[in-house]
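J.: This is the structure, below, for whatever I ask next.
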Amino acid sequence: MPLEPKAREMLDQLIDSAVRLVPKNLKITHDAKDRLGFEHDFEFFFGMVWGSVLVGFQGYMSQFFGRQPTDEEFKELVDVFTARAPQVKTIIENL
């Protein structure tokens, strides 16, 4: 079962929101970089965007549909994020 149109719209909004938060998170995270122990900023921030989209989408599905995403919906989430990954990477690289 593919994502409901409203769920797909929310997924795109979550990706947009996560990307918009990168500059703020960049400053916060750089201040704690030594304590967090990561070496590669780009991969760390890409992971932050992915994590926030994944957790946000699970919360959205739970709140509005009363359930967690199905395996098929998770696959679609990954497909959508993968399609937008070059855009996300470009934004992170240009900060």
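FYI, nothing fancy with the structure tokens labels: chains A, B, ... in order, residues from 1 per chain, ligands from 1 as they appear.
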If we count only C-alpha atoms, what is near Leu11 in chain A at a cut-off of 12 Å, once residues fewer than 6 positions away on the same chain are taken out, given as a ChimeraX atom specification?
T.: /A:3-5,17-18,50,52-61,69,73-74,76-81,84
J.: Contacts of Pro23 in chain A at 12 Å or less, counting only C-alpha atoms, minus same-chain residues fewer than 5 places along, as number ranges by chain?
T.: A: 17-18, 28-30, 45, 48-49, 91-95
J.: Could you dump the residues just selected with C-alpha atoms as a compact mmCIF listing (two decimals), in the first residue's frame?
T.:
# COMPACT_ATOMS: atom_id res chain seq x y z
CA SER A 17 12.24 21.22 7.67
CA ALA A 18 15.23 19.02 8.52
CA ILE A 28 25.21 23.65 18.12
CA THR A 29 27.01 20.50 17.01
CA HIS A 30 30.31 22.20 16.20
CA PHE A 45 24.90 16.24 9.30
CA MET A 48 21.11 14.10 11.35
CA VAL A 49 18.78 15.02 8.49
CA ILE A 91 22.61 22.13 0.78
CA ILE A 92 24.90 20.67 3.46
CA GLU A 93 28.00 21.06 1.30
CA ASN A 94 27.21 24.74 0.65
CA LEU A 95 26.96 25.75 4.31
J.: Could you work out how far CA of Val88 in chain A lies from CA of Gly47 in chain A, giving the answer in Å with one decimal?
T.: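 Interatomic distance here is 10.7 Å.
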J.: What does the structure give for the distance between CA of Ser62 in chain A and CA of Ala83 in chain A, in Å to one decimal?
T.: 24.2 Å
J.: Run DSSP on the backbone and give me the residues of chain A it puts in alpha helix (DSSP H), as a VMD selection string.
T.: chain A and resid 5 to 20 22 to 31 33 to 36 41 to 65 71 to 93
J.: Out of A:Gln63, A:Thr70, A:Thr82, A:Thr90, which residue has the shortest atom-to-atom distance to Pro2 in chain A when counting only C-alpha atoms?
T.: A:Thr70
J.: In Å, rounded to a single decimal, give me how far CA of Gly51 in chain A is from CA of Asn25 in chain A.
T.: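 Those two atoms sit 13.0 Å apart.
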J.: Which residue out of A:Phe65, A:His40, A:Lys27, A:Ala32 has the minimum interatomic distance to Lys6 in chain A when only C-alpha atoms are used?
T.: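 Closest to Lys6 in chain A, using only C-alpha atoms: A:Phe65.
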